[in-house]
$ cat my_file_34.cif   # mmCIF, C-alpha atoms and all ligand atoms
data_input
loop_
_atom_site.group_PDB
_atom_site.id
_atom_site.type_symbol
_atom_site.label_atom_id
_atom_site.label_comp_id
_atom_site.auth_asym_id
_atom_site.auth_seq_id
_atom_site.Cartn_x
_atom_site.Cartn_y
_atom_site.Cartn_z
ATOM 1 C CA MET S 1 0.000 0.000 0.000
ATOM 2 C CA TYR S 2 1.357 3.364 -1.072
ATOM 3 C CA VAL S 3 2.033 5.864 1.724
ATOM 4 C CA GLY S 4 3.175 9.327 0.688
ATOM 5 C CA ARG S 5 3.736 12.473 2.702
ATOM 6 C CA PHE S 6 4.210 16.204 2.584
ATOM 7 C CA ALA S 7 6.690 17.431 5.176
ATOM 8 C CA PRO S 8 6.842 21.235 5.267
ATOM 9 C CA SER S 9 9.052 23.148 7.677
ATOM 10 C CA PRO S 10 6.834 25.698 9.443
ATOM 11 C CA SER S 11 9.099 28.657 8.775
ATOM 12 C CA GLY S 12 6.248 30.521 7.069
ATOM 13 C CA PRO S 13 3.127 29.983 4.943
ATOM 14 C CA LEU S 14 3.204 27.887 1.782
ATOM 15 C CA HIS S 15 4.630 29.698 -1.261
ATOM 16 C CA ALA S 16 4.559 28.805 -4.963
ATOM 17 C CA GLY S 17 7.487 26.380 -4.535
ATOM 18 C CA SER S 18 6.185 24.440 -1.550
ATOM 19 C CA LEU S 19 2.762 24.299 -3.170
ATOM 20 C CA VAL S 20 4.206 22.465 -6.205
ATOM 21 C CA VAL S 21 5.672 19.864 -3.825
ATOM 22 C CA ALA S 22 2.398 19.536 -1.906
ATOM 23 C CA LEU S 23 0.420 19.213 -5.145
ATOM 24 C CA ALA S 24 2.695 16.612 -6.738
ATOM 25 C CA SER S 25 2.981 14.486 -3.599
ATOM 26 C CA TYR S 26 -0.797 14.627 -3.183
ATOM 27 C CA LEU S 27 -1.443 13.680 -6.816
ATOM 28 C CA ASP S 28 1.055 10.839 -6.625
ATOM 29 C CA ALA S 29 -0.691 9.424 -3.538
ATOM 30 C CA LYS S 30 -4.143 9.813 -5.082
ATOM 31 C CA ALA S 31 -3.092 8.343 -8.425
ATOM 32 C CA ALA S 32 -1.605 5.367 -6.568
ATOM 33 C CA ARG S 33 -4.765 5.141 -4.439
ATOM 34 C CA GLY S 34 -2.617 5.463 -1.363
ATOM 35 C CA ARG S 35 -2.500 7.515 1.799
ATOM 36 C CA TRP S 36 -1.129 11.058 1.999
ATOM 37 C CA LEU S 37 0.317 12.079 5.347
ATOM 38 C CA LEU S 38 1.234 15.481 6.656
ATOM 39 C CA ARG S 39 4.265 15.998 8.852
ATOM 40 C CA ILE S 40 5.289 19.356 10.246
ATOM 41 C CA GLU S 41 9.087 19.471 10.376
ATOM 42 C CA ASP S 42 9.392 21.815 13.322
ATOM 43 C CA ILE S 43 12.549 20.342 14.773
ATOM 44 C CA ASP S 44 14.754 23.211 13.618
ATOM 45 C CA THR S 45 13.382 25.499 16.312
ATOM 46 C CA PRO S 46 15.430 28.583 15.345
ATOM 47 C CA ARG S 47 13.704 28.530 11.919
ATOM 48 C CA THR S 48 10.223 27.681 13.203
ATOM 49 C CA VAL S 49 7.684 30.502 13.127
ATOM 50 C CA ALA S 50 4.884 30.286 15.685
ATOM 51 C CA GLY S 51 1.521 29.722 14.000
ATOM 52 C CA ALA S 52 2.974 28.875 10.566
ATOM 53 C CA ASP S 53 1.898 25.235 10.957
ATOM 54 C CA GLN S 54 -1.754 26.271 11.385
ATOM 55 C CA ILE S 55 -1.558 28.513 8.328
ATOM 56 C CA ILE S 56 -0.114 25.652 6.258
ATOM 57 C CA LEU S 57 -2.911 23.322 7.398
ATOM 58 C CA GLN S 58 -5.521 25.932 6.466
ATOM 59 C CA GLN S 59 -3.916 26.575 3.087
ATOM 60 C CA LEU S 60 -3.875 22.881 2.201
ATOM 61 C CA ALA S 61 -7.476 22.427 3.302
ATOM 62 C CA ALA S 62 -8.600 25.516 1.369
ATOM 63 C CA LEU S 63 -7.137 24.031 -1.807
ATOM 64 C CA GLY S 64 -8.761 20.640 -1.204
ATOM 65 C CA MET S 65 -5.656 18.750 -0.108
ATOM 66 C CA ILE S 66 -6.850 16.783 2.897
ATOM 67 C CA TRP S 67 -4.320 14.599 4.667
ATOM 68 C CA ASP S 68 -4.967 11.140 6.058
ATOM 69 C CA GLY S 69 -4.712 10.506 9.799
ATOM 70 C CA ASP S 70 -3.232 12.820 12.386
ATOM 71 C CA VAL S 71 -0.669 15.492 11.592
ATOM 72 C CA TRP S 72 2.750 14.525 12.950
ATOM 73 C CA TYR S 73 5.052 17.066 14.558
ATOM 74 C CA GLN S 74 8.774 16.416 14.723
ATOM 75 C CA SER S 75 8.942 18.323 18.000
ATOM 76 C CA LYS S 76 6.957 15.465 19.569
ATOM 77 C CA ARG S 77 9.269 12.775 18.212
ATOM 78 C CA LEU S 78 12.457 13.436 20.154
ATOM 79 C CA VAL S 79 12.375 10.046 21.898
ATOM 80 C CA ALA S 80 12.386 8.265 18.529
ATOM 81 C CA TYR S 81 15.408 10.269 17.302
ATOM 82 C CA GLU S 82 17.234 9.580 20.556
ATOM 83 C CA ALA S 83 16.578 5.844 20.116
ATOM 84 C CA ALA S 84 17.877 5.865 16.541
ATOM 85 C CA PHE S 85 20.929 7.805 17.652
ATOM 86 C CA ALA S 86 21.535 5.250 20.428
ATOM 87 C CA ALA S 87 21.235 2.426 17.884
ATOM 88 C CA LEU S 88 23.886 4.061 15.700
ATOM 89 C CA GLN S 89 26.137 4.504 18.710
ATOM 90 C CA THR S 90 25.734 0.835 19.635
ATOM 91 C CA LYS S 91 26.872 -0.058 16.138
ATOM 92 C CA ALA S 92 29.827 2.339 16.474
ATOM 93 C CA LEU S 93 28.500 4.302 13.482
ATOM 94 C CA SER S 94 28.633 7.729 15.059
ATOM 95 C CA TYR S 95 31.264 9.845 16.732
ATOM 96 C CA PRO S 96 31.529 13.249 18.375
ATOM 97 C CA CYS S 97 33.137 16.080 16.451
ATOM 98 C CA ALA S 98 34.836 19.180 17.850
ATOM 99 C CA CYS S 99 35.324 21.012 14.539
ATOM 100 C CA THR S 100 33.952 24.467 13.881
ATOM 101 C CA ARG S 101 32.736 25.426 10.385
ATOM 102 C CA ARG S 102 35.854 27.552 9.954
ATOM 103 C CA GLU S 103 38.174 24.642 10.802
ATOM 104 C CA ILE S 104 36.391 22.364 8.349
ATOM 105 C CA ALA S 105 36.666 24.983 5.599
ATOM 106 C CA ASP S 106 40.385 25.454 6.330
ATOM 107 C CA SER S 107 41.221 21.759 6.247
ATOM 108 C CA VAL S 108 39.253 21.221 3.042
ATOM 109 C CA MET S 109 41.251 24.077 1.480
ATOM 110 C CA ALA S 110 44.494 22.505 2.677
ATOM 111 C CA LEU S 111 43.526 19.123 1.202
ATOM 112 C CA HIS S 112 42.021 20.209 -2.105
ATOM 113 C CA GLY S 113 43.245 23.748 -2.636
ATOM 114 C CA LYS S 114 39.651 24.763 -3.308
ATOM 115 C CA PHE S 115 36.212 23.403 -2.646
ATOM 116 C CA PRO S 116 35.634 20.726 -5.282
ATOM 117 C CA ASP S 117 32.337 21.418 -7.092
ATOM 118 C CA GLY S 118 31.305 23.839 -4.411
ATOM 119 C CA GLU S 119 31.028 20.990 -1.892
ATOM 120 C CA ARG S 120 32.755 21.011 1.438
ATOM 121 C CA PRO S 121 33.149 17.358 2.292
ATOM 122 C CA TYR S 122 33.967 16.820 5.932
ATOM 123 C CA PRO S 123 37.625 15.772 5.955
ATOM 124 C CA GLY S 124 37.229 13.304 8.814
ATOM 125 C CA THR S 125 39.274 15.295 11.333
ATOM 126 C CA CYS S 126 37.592 13.789 14.431
ATOM 127 C CA ARG S 127 37.149 10.256 13.083
ATOM 128 C CA GLN S 128 39.963 8.890 15.240
ATOM 129 C CA GLY S 129 38.863 10.845 18.305
ATOM 130 C CA ILE S 130 38.793 14.418 19.489
ATOM 131 C CA LYS S 131 42.141 16.085 20.116
ATOM 132 C CA PRO S 132 42.990 16.665 23.803
ATOM 133 C CA GLY S 133 41.666 19.942 25.134
ATOM 134 C CA ARG S 134 38.838 20.115 22.575
ATOM 135 C CA SER S 135 35.226 19.501 23.470
ATOM 136 C CA PRO S 136 32.613 17.659 21.395
ATOM 137 C CA LYS S 137 30.125 19.841 19.515
ATOM 138 C CA SER S 138 28.170 17.848 16.973
ATOM 139 C CA TRP S 139 27.823 14.125 16.323
ATOM 140 C CA ARG S 140 28.569 12.649 12.923
ATOM 141 C CA PHE S 141 27.581 9.489 11.089
ATOM 142 C CA LEU S 142 30.503 7.328 10.044
ATOM 143 C CA VAL S 143 30.105 6.942 6.285
ATOM 144 C CA SER S 144 31.293 3.672 4.798
ATOM 145 C CA PRO S 145 33.155 3.715 1.463
ATOM 146 C CA GLY S 146 31.314 3.016 -1.764
ATOM 147 C CA THR S 147 28.753 4.488 -4.103
ATOM 148 C CA ILE S 148 25.048 4.736 -3.369
ATOM 149 C CA SER S 149 22.905 4.297 -6.485
ATOM 150 C CA PHE S 150 19.171 4.625 -6.904
ATOM 151 C CA THR S 151 16.658 5.623 -9.542
ATOM 152 C CA ASP S 152 14.758 8.828 -8.978
ATOM 153 C CA ARG S 153 11.266 8.707 -10.461
ATOM 154 C CA TRP S 154 11.659 12.189 -11.929
ATOM 155 C CA CYS S 155 15.416 12.607 -12.457
ATOM 156 C CA GLY S 156 16.379 9.042 -13.426
ATOM 157 C CA PRO S 157 19.466 7.086 -12.295
ATOM 158 C CA GLN S 158 21.579 8.740 -9.600
ATOM 159 C CA SER S 159 24.726 7.829 -7.756
ATOM 160 C CA GLN S 160 26.816 9.476 -5.105
ATOM 161 C CA ASP S 161 30.037 8.572 -3.343
ATOM 162 C CA VAL S 162 29.022 9.987 0.017
ATOM 163 C CA GLU S 163 32.374 9.401 1.659
ATOM 164 C CA HIS S 164 34.172 11.601 -0.886
ATOM 165 C CA GLN S 165 31.442 14.045 -1.884
ATOM 166 C CA VAL S 166 29.922 14.696 1.532
ATOM 167 C CA GLY S 167 32.017 12.962 4.163
ATOM 168 C CA ASP S 168 30.818 11.932 7.598
ATOM 169 C CA PHE S 169 27.735 14.060 8.087
ATOM 170 C CA VAL S 170 26.109 15.578 11.154
ATOM 171 C CA ILE S 171 23.234 13.715 12.814
ATOM 172 C CA ARG S 172 23.121 15.788 15.991
ATOM 173 C CA ARG S 173 23.946 19.443 15.596
ATOM 174 C CA ALA S 174 26.257 21.489 17.795
ATOM 175 C CA ASP S 175 23.159 23.239 19.194
ATOM 176 C CA GLY S 176 21.819 19.841 20.306
ATOM 177 C CA ILE S 177 19.108 19.726 17.633
ATOM 178 C CA TRP S 178 18.662 16.478 15.712
ATOM 179 C CA ALA S 179 19.804 16.922 12.133
ATOM 180 C CA TYR S 180 17.214 16.874 9.361
ATOM 181 C CA GLN S 181 18.872 13.792 7.802
ATOM 182 C CA LEU S 182 18.341 11.662 10.894
ATOM 183 C CA ALA S 183 14.852 12.923 11.740
ATOM 184 C CA VAL S 184 13.499 12.465 8.216
ATOM 185 C CA VAL S 185 14.721 8.876 7.941
ATOM 186 C CA VAL S 186 13.296 7.898 11.340
ATOM 187 C CA ASP S 187 9.962 9.617 10.675
ATOM 188 C CA ASP S 188 9.474 8.214 7.187
ATOM 189 C CA ALA S 189 10.149 4.732 8.587
ATOM 190 C CA ASP S 190 7.842 5.142 11.596
ATOM 191 C CA GLN S 191 5.060 6.546 9.412
ATOM 192 C CA GLY S 192 5.436 3.671 6.947
ATOM 193 C CA VAL S 193 6.191 6.052 4.076
ATOM 194 C CA THR S 194 6.799 4.146 0.831
ATOM 195 C CA ASP S 195 7.164 7.101 -1.545
ATOM 196 C CA ILE S 196 8.780 10.503 -1.133
ATOM 197 C CA VAL S 197 7.945 13.343 -3.522
ATOM 198 C CA ARG S 198 9.876 16.556 -2.804
ATOM 199 C CA GLY S 199 12.011 19.292 -4.370
ATOM 200 C CA GLN S 200 15.288 18.760 -6.214
ATOM 201 C CA ASP S 201 17.208 20.671 -3.551
ATOM 202 C CA LEU S 202 16.974 17.458 -1.524
ATOM 203 C CA LEU S 203 18.110 15.099 -4.280
ATOM 204 C CA SER S 204 21.684 15.182 -2.990
ATOM 205 C CA SER S 205 20.476 14.286 0.534
ATOM 206 C CA THR S 206 18.969 11.017 -0.653
ATOM 207 C CA ALA S 207 22.208 9.004 -0.630
ATOM 208 C CA ARG S 208 22.882 10.131 2.958
ATOM 209 C CA GLN S 209 19.376 9.118 3.942
ATOM 210 C CA ARG S 210 19.836 5.735 2.298
ATOM 211 C CA LEU S 211 23.026 5.148 4.274
ATOM 212 C CA LEU S 212 21.223 5.997 7.509
ATOM 213 C CA ALA S 213 18.294 3.776 6.561
ATOM 214 C CA GLU S 214 20.623 0.872 5.917
ATOM 215 C CA ALA S 215 22.380 1.399 9.252
ATOM 216 C CA LEU S 216 19.000 1.437 11.023
ATOM 217 C CA ASP S 217 17.643 -1.621 9.142
ATOM 218 C CA ILE S 218 15.046 0.477 7.330
ATOM 219 C CA VAL S 219 13.851 -0.195 3.779
ATOM 220 C CA PRO S 220 14.329 3.150 1.995
ATOM 221 C CA PRO S 221 11.287 4.748 0.326
ATOM 222 C CA SER S 222 11.277 5.362 -3.415
ATOM 223 C CA VAL S 223 11.949 8.977 -4.350
ATOM 224 C CA MET S 224 10.814 11.583 -6.860
ATOM 225 C CA HIS S 225 12.535 14.979 -6.863
ATOM 226 C CA LEU S 226 10.685 17.768 -8.629
ATOM 227 C CA PRO S 227 12.125 20.783 -10.460
ATOM 228 C CA LEU S 228 12.367 23.789 -8.157
ATOM 229 C CA VAL S 229 10.419 26.971 -8.599
ATOM 230 C CA LEU S 230 12.984 29.756 -9.008
ATOM 231 C CA ASP S 231 12.651 33.479 -8.466
ATOM 232 C CA GLU S 232 13.728 36.096 -11.026
ATOM 233 C CA ARG S 233 17.333 35.868 -9.744
ATOM 234 C CA GLY S 234 17.339 32.110 -10.377
ATOM 235 C CA LEU S 235 17.263 31.262 -6.677
ATOM 236 C CA LYS S 236 14.992 28.654 -5.156
ATOM 237 C CA LEU S 237 11.846 30.260 -3.797
ATOM 238 C CA SER S 238 12.001 30.029 -0.065
ATOM 239 C CA LYS S 239 10.483 31.511 3.010
ATOM 240 C CA GLN S 240 13.947 32.833 3.893
ATOM 241 C CA ASN S 241 14.110 34.749 0.577
ATOM 242 C CA GLY S 242 10.749 36.270 1.348
ATOM 243 C CA ALA S 243 8.700 34.295 -1.196
ATOM 244 C CA PRO S 244 5.090 35.473 -1.002
ATOM 245 C CA SER S 245 2.389 33.260 0.449
ATOM 246 C CA ILE S 246 0.077 31.502 -2.005
ATOM 247 C CA ASN S 247 -3.385 32.928 -2.545
ATOM 248 C CA THR S 248 -6.112 30.549 -1.426
ATOM 249 C CA SER S 249 -8.994 32.901 -2.163
ATOM 250 C CA GLU S 250 -8.821 31.786 -5.801
ATOM 251 C CA PRO S 251 -8.107 28.054 -5.406
ATOM 252 C CA LEU S 252 -8.451 27.076 -9.059
ATOM 253 C CA LYS S 253 -6.058 29.764 -10.273
ATOM 254 C CA THR S 254 -3.516 28.842 -7.599
ATOM 255 C CA LEU S 255 -3.778 25.123 -8.342
ATOM 256 C CA LEU S 256 -3.449 25.664 -12.084
ATOM 257 C CA SER S 257 -0.324 27.770 -11.731
ATOM 258 C CA ALA S 258 1.311 25.078 -9.562
ATOM 259 C CA TRP S 259 0.228 22.445 -12.079
ATOM 260 C CA LYS S 260 1.748 24.426 -14.953
ATOM 261 C CA HIS S 261 5.165 24.155 -13.334
ATOM 262 C CA LEU S 262 5.016 20.349 -13.636
ATOM 263 C CA GLU S 263 4.738 20.620 -17.443
ATOM 264 C CA LEU S 264 2.224 17.825 -17.817
ATOM 265 C CA GLY S 265 0.065 19.683 -20.328
ATOM 266 C CA GLU S 266 -2.870 22.067 -20.119
ATOM 267 C CA LEU S 267 -5.947 21.200 -18.078
ATOM 268 C CA ALA S 268 -9.242 22.578 -19.340
ATOM 269 C CA VAL S 269 -11.139 22.751 -16.069
ATOM 270 C CA SER S 270 -13.345 25.380 -14.484
ATOM 271 C CA THR S 271 -13.723 24.222 -10.868
ATOM 272 C CA PRO S 272 -11.316 22.927 -8.202
ATOM 273 C CA GLU S 273 -13.255 19.616 -8.163
ATOM 274 C CA ALA S 274 -12.705 19.187 -11.894
ATOM 275 C CA PHE S 275 -9.078 20.171 -11.429
ATOM 276 C CA TRP S 276 -8.516 17.365 -8.925
ATOM 277 C CA GLN S 277 -10.233 14.821 -11.102
ATOM 278 C CA GLU S 278 -8.376 15.745 -14.270
ATOM 279 C CA ALA S 279 -5.014 16.328 -12.640
ATOM 280 C CA THR S 280 -5.124 12.979 -10.833
ATOM 281 C CA ALA S 281 -6.061 11.184 -14.050
ATOM 282 C CA ARG S 282 -3.267 12.965 -15.940
ATOM 283 C CA TRP S 283 -0.750 12.139 -13.224
ATOM 284 C CA ALA S 284 -1.858 8.502 -13.162
ATOM 285 C CA GLY S 285 -1.535 8.283 -16.948
ATOM 286 C CA GLN S 286 1.974 9.717 -16.743
ATOM 287 C CA PHE S 287 3.369 7.830 -13.768
ATOM 288 C CA TYR S 288 1.124 4.794 -13.363
ATOM 289 C CA PRO S 289 0.313 3.954 -16.984
ATOM 290 C CA THR S 290 -0.289 0.278 -16.263
ATOM 291 C CA ARG S 291 -2.956 0.961 -13.644
ATOM 292 C CA LEU S 292 -6.469 2.067 -14.443
ATOM 293 C CA ALA S 293 -6.837 5.799 -14.049
ATOM 294 C CA PRO S 294 -9.040 6.648 -11.046
HETATM 295 N N1 LIG Q 301 11.043 19.880 5.612
HETATM 296 C C1 LIG Q 301 11.720 19.879 4.355
HETATM 297 C C2 LIG Q 301 11.411 21.165 3.627
HETATM 298 O O1 LIG Q 301 10.434 21.828 3.940
HETATM 299 C C3 LIG Q 301 11.310 18.730 3.459
HETATM 300 C C4 LIG Q 301 11.882 17.455 3.901
HETATM 301 C C5 LIG Q 301 11.569 16.272 2.999
HETATM 302 O O2 LIG Q 301 10.612 16.304 2.233
HETATM 303 O O3 LIG Q 301 12.308 15.292 3.102
HETATM 304 O O4 LIG Q 301 12.161 21.525 2.741
#
$ encode --input "my_file_34.cif" --output "structure tokens" --more "lines below"
Ligand code: GLU
Amino acid sequence: MYVGRFAPSPSGPLHAGSLVVALASYLDAKAARGRWLLRIEDIDTPRTVAGADQIILQQLAALGMIWDGDVWYQSKRLVAYEAAFAALQTKALSYPCACTRREIADSVMALHGKFPDGERPYPGTCRQGIKPGRSPKSWRFLVSPGTISFTDRWCGPQSQDVEHQVGDFVIRRADGIWAYQLAVVVDDADQGVTDIVRGQDLLSSTARQRLLAEALDIVPPSVMHLPLVLDERGLKLSKQNGAPSINTSEPLKTLLSAWKHLELGELAVSTPEAFWQEATARWAGQFYPTRLAP
């Protein structure tokens, strides 16, 4: 049984970019006749805006995107992250790190002369233990050598050598907050998520998440990473860049403009109900051609 999800961070209301993700994940779940869950990723408390979660819920409901079951909040899941972290420690797959951002940048420069491809892979400074006199800040996952390969349902075959391109990555931040990578893997597993649909900014996180899943004996969900909505400067629309909230007073117009971004052809519809019917059928024809359209 298909289980999909939409997992917004409540750092502000939905904007044109997050709406495309919500729409596509919803259509994928409906076309697969599965469940669509809603998870509020409010673990990054410095970025969380009070009340944004309620606005997001209202926006989704106003557009006709109704989630199945209860809304999950990451802030209520700390025990589960702690347990996963303990499991990784038991397997000796995590270690404390004393490095500051500056130190990591300096040692990457010393090793490579420049940042290869704009990445700053962690050079493994604290792998063998923290130097005397230094105190632990974050905790990192010990990445094993090799290439992670998977097929993205939108972008096609992908592979990443996490050890060389990313390095041992943070699972518990220096401020004590659980890292997104750990929380998302634990939550998707505990919610029984089979299919992730999200933006392409997270495509390069997938290999990391697969490594964590493997270490925690979790079957990784299939993934689809959608093209990002960019602003006029070519930057990803985001709440941090001040992207405007979507307009839910004209649901059809708002839904059609999100749909347009997916480039799946025009929809000649005049009501939100007709939009949902046609869009789901179109999505099913595109991504589930061997099943009967709903
Ligand atoms: N909370 C993340 C975001 O809003 C999405 C995480 C995910 O879908 O894996 O960008």
$ resolve_selection --input "my_file_34.cif" --expression "the PyMOL selection byres (((chain S and resi 44-61) around 9) and not hetatm)" --output "list in words"
Pro8, Ser9, Pro10, Ser11, Gly12, Pro13, Leu14, Leu19, Ala22, Leu38, Ile40, Glu41, Asp42, Ile43, Ala62, Leu63, Gly64, Met65, Ile66, Trp67, Ser75, Ile177, Trp178, Ala179, Tyr180, Ile246, Asn247 and Thr248 of chain S
$ atom_distance --input "my_file_34.cif" --atom1 "atom CA of S:Leu264" --atom2 "atom CA of S:Ala31"
14.4 Å
$ closest_residue --input "my_file_34.cif" --among "S:Val3, S:Ile130, S:Ile104, S:Leu88" --to "S:Asp68" --atoms "only C-alpha atoms"
S:Val3
$ residues_near_ligand --input "my_file_34.cif" --ligand "ligand LIG 301 (chain Q)" --cutoff "9 Å" --atoms "all atoms listed in the file" --output "list in words"
Arg5, Phe6, Ala7, Pro8, Ser9, Pro10, Ser11, Ser18, Val21, Arg39, Ile40, Glu41, Asp42, Tyr180, Gln181, Val184, Val185, Asp188, Ile196, Val197, Arg198, Gly199, Asp201, Leu202, Ser205, Thr206 and Ser238 of chain S
$ residues_around --input "my_file_34.cif" --residues "S:Arg102" --least-positions-apart "6" --cutoff "12 Å" --atoms "all atoms listed in the file" --output "list in words"
Val108, Met109, Arg120 and Tyr122 of chain S
$ residues_around --input "my_file_34.cif" --residues "S:Pro220" --least-positions-apart "3" --cutoff "9 Å" --atoms "all atoms listed in the file" --output "number ranges by chain"
S: 185, 188-189, 193-195, 209-210, 213-214, 223
$ axis_aligned_box --input "my_file_34.cif" --around "stretch 188-194 of chain S" --padding-each-side "5 Å" --output "AutoDock Vina command-line options"
--center_x 7.6 --center_y 5.9 --center_z 6.2 --size_x 15.1 --size_y 14.5 --size_z 20.8
$ resolve_selection --input "my_file_34.cif" --expression "the PyMOL selection byres (((chain S and resi 81) around 8) and not hetatm)" --output "short mmCIF file (atom, residue, chain, number, x, y, z; two decimals) with C-alpha atoms, in the coordinates of the input"
data_model
loop_
_atom_site.label_atom_id
_atom_site.label_comp_id
_atom_site.auth_asym_id
_atom_site.auth_seq_id
_atom_site.Cartn_x
_atom_site.Cartn_y
_atom_site.Cartn_z
CA ARG S 77 9.27 12.78 18.21
CA LEU S 78 12.46 13.44 20.15
CA VAL S 79 12.38 10.05 21.90
CA ALA S 80 12.39 8.26 18.53
CA GLU S 82 17.23 9.58 20.56
CA ALA S 83 16.58 5.84 20.12
CA ALA S 84 17.88 5.86 16.54
CA PHE S 85 20.93 7.80 17.65
CA TRP S 178 18.66 16.48 15.71
CA LEU S 182 18.34 11.66 10.89
CA ALA S 183 14.85 12.92 11.74
CA VAL S 186 13.30 7.90 11.34
#
$ atom_distance --input "my_file_34.cif" --atom1 "atom CA of S:Phe150" --atom2 "atom CA of S:Leu237"
26.8 Å
$ atom_distance --input "my_file_34.cif" --atom1 "atom CA of S:Arg282" --atom2 "atom CA of S:Tyr26"
13.1 Å
$ closest_residue --input "my_file_34.cif" --among "S:His15, S:Arg140, S:His225, S:Arg172" --to "S:Leu262" --atoms "only C-alpha atoms"
S:His225
$ closest_residue --input "my_file_34.cif" --among "S:Arg173, S:Pro123, S:Gln200, S:Lys137" --to "S:Asp152" --atoms "all atoms listed in the file"
S:Gln200
$ resolve_selection --input "my_file_34.cif" --expression "the PyMOL selection byres (((chain S and resi 252) around 12) and not hetatm)" --output "PDB file with C-alpha atoms, in the coordinates of the input"
ATOM      1  CA  ALA S  62      -8.600  25.516   1.369  1.00  0.00           C
ATOM      2  CA  LEU S  63      -7.137  24.031  -1.807  1.00  0.00           C
ATOM      3  CA  GLY S  64      -8.761  20.640  -1.204  1.00  0.00           C
ATOM      4  CA  ILE S 246       0.077  31.502  -2.005  1.00  0.00           C
ATOM      5  CA  ASN S 247      -3.385  32.928  -2.545  1.00  0.00           C
ATOM      6  CA  THR S 248      -6.112  30.549  -1.426  1.00  0.00           C
ATOM      7  CA  SER S 249      -8.994  32.901  -2.163  1.00  0.00           C
ATOM      8  CA  GLU S 250      -8.821  31.786  -5.801  1.00  0.00           C
ATOM      9  CA  PRO S 251      -8.107  28.054  -5.406  1.00  0.00           C
ATOM     10  CA  LYS S 253      -6.058  29.764 -10.273  1.00  0.00           C
ATOM     11  CA  THR S 254      -3.516  28.842  -7.599  1.00  0.00           C
ATOM     12  CA  LEU S 255      -3.778  25.123  -8.342  1.00  0.00           C
ATOM     13  CA  LEU S 256      -3.449  25.664 -12.084  1.00  0.00           C
ATOM     14  CA  SER S 257      -0.324  27.770 -11.731  1.00  0.00           C
ATOM     15  CA  ALA S 258       1.311  25.078  -9.562  1.00  0.00           C
ATOM     16  CA  TRP S 259       0.228  22.445 -12.079  1.00  0.00           C
ATOM     17  CA  LEU S 267      -5.947  21.200 -18.078  1.00  0.00           C
ATOM     18  CA  ALA S 268      -9.242  22.578 -19.340  1.00  0.00           C
ATOM     19  CA  VAL S 269     -11.139  22.751 -16.069  1.00  0.00           C
ATOM     20  CA  SER S 270     -13.345  25.380 -14.484  1.00  0.00           C
ATOM     21  CA  THR S 271     -13.723  24.222 -10.868  1.00  0.00           C
ATOM     22  CA  PRO S 272     -11.316  22.927  -8.202  1.00  0.00           C
ATOM     23  CA  GLU S 273     -13.255  19.616  -8.163  1.00  0.00           C
ATOM     24  CA  ALA S 274     -12.705  19.187 -11.894  1.00  0.00           C
ATOM     25  CA  PHE S 275      -9.078  20.171 -11.429  1.00  0.00           C
ATOM     26  CA  TRP S 276      -8.516  17.365  -8.925  1.00  0.00           C
ATOM     27  CA  ALA S 279      -5.014  16.328 -12.640  1.00  0.00           C
TER      28      ALA S 279
END
$ residues_around --input "my_file_34.cif" --residues "stretch 95-99 of chain S" --least-positions-apart "6" --cutoff "7 Å" --atoms "only C-alpha atoms" --output "ChimeraX atom specification"
/S:126-127,130,134-141
$ closest_residue --input "my_file_34.cif" --among "S:Ala32, S:Ala110, S:Leu230, S:Val219" --to "S:Ala16" --atoms "only C-alpha atoms"
S:Leu230
$ closest_residue --input "my_file_34.cif" --among "S:Leu27, S:Leu203, S:Cys155, S:Ala215" --to "S:Lys91" --atoms "all atoms listed in the file"
S:Ala215
$ residues_around --input "my_file_34.cif" --residues "stretch 160-163 of chain S" --least-positions-apart "4" --cutoff "7 Å" --atoms "all atoms listed in the file" --output "PyMOL selection string"
chain S and resi 143-149+167-168+207-208
$ closest_residue --input "my_file_34.cif" --among "S:Pro157, S:Gly34, S:Pro244, S:Gly69" --to "S:Gly4" --atoms "all atoms listed in the file"
S:Gly34
$ build_atoms --input "my_file_34.cif" --residues "stretch 282-289 of chain S" --atoms "N, CA and C atoms" --output "PDB file, in the frame of the given file"
ATOM      1  N   ARG S 282      -4.447  12.660 -15.121  1.00  0.00           N
ATOM      2  CA  ARG S 282      -3.267  12.965 -15.940  1.00  0.00           C
ATOM      3  C   ARG S 282      -1.997  12.419 -15.274  1.00  0.00           C
ATOM      4  N   TRP S 283      -1.922  12.634 -13.970  1.00  0.00           N
ATOM      5  CA  TRP S 283      -0.750  12.139 -13.224  1.00  0.00           C
ATOM      6  C   TRP S 283      -0.681  10.600 -13.297  1.00  0.00           C
ATOM      7  N   ALA S 284      -1.823   9.968 -13.116  1.00  0.00           N
ATOM      8  CA  ALA S 284      -1.858   8.502 -13.162  1.00  0.00           C
ATOM      9  C   ALA S 284      -1.428   8.010 -14.547  1.00  0.00           C
ATOM     10  N   GLY S 285      -1.909   8.678 -15.587  1.00  0.00           N
ATOM     11  CA  GLY S 285      -1.535   8.283 -16.948  1.00  0.00           C
ATOM     12  C   GLY S 285      -0.038   8.425 -17.179  1.00  0.00           C
ATOM     13  N   GLN S 286       0.551   9.446 -16.566  1.00  0.00           N
ATOM     14  CA  GLN S 286       1.974   9.717 -16.743  1.00  0.00           C
ATOM     15  C   GLN S 286       2.850   8.760 -15.925  1.00  0.00           C
ATOM     16  N   PHE S 287       2.468   8.556 -14.669  1.00  0.00           N
ATOM     17  CA  PHE S 287       3.369   7.830 -13.768  1.00  0.00           C
ATOM     18  C   PHE S 287       2.890   6.430 -13.399  1.00  0.00           C
ATOM     19  N   TYR S 288       1.639   6.141 -13.654  1.00  0.00           N
ATOM     20  CA  TYR S 288       1.124   4.794 -13.363  1.00  0.00           C
ATOM     21  C   TYR S 288       0.380   4.273 -14.588  1.00  0.00           C
ATOM     22  N   PRO S 289       1.048   4.255 -15.751  1.00  0.00           N
ATOM     23  CA  PRO S 289       0.313   3.954 -16.984  1.00  0.00           C
ATOM     24  C   PRO S 289      -0.277   2.550 -17.012  1.00  0.00           C
TER      25      PRO S 289
END
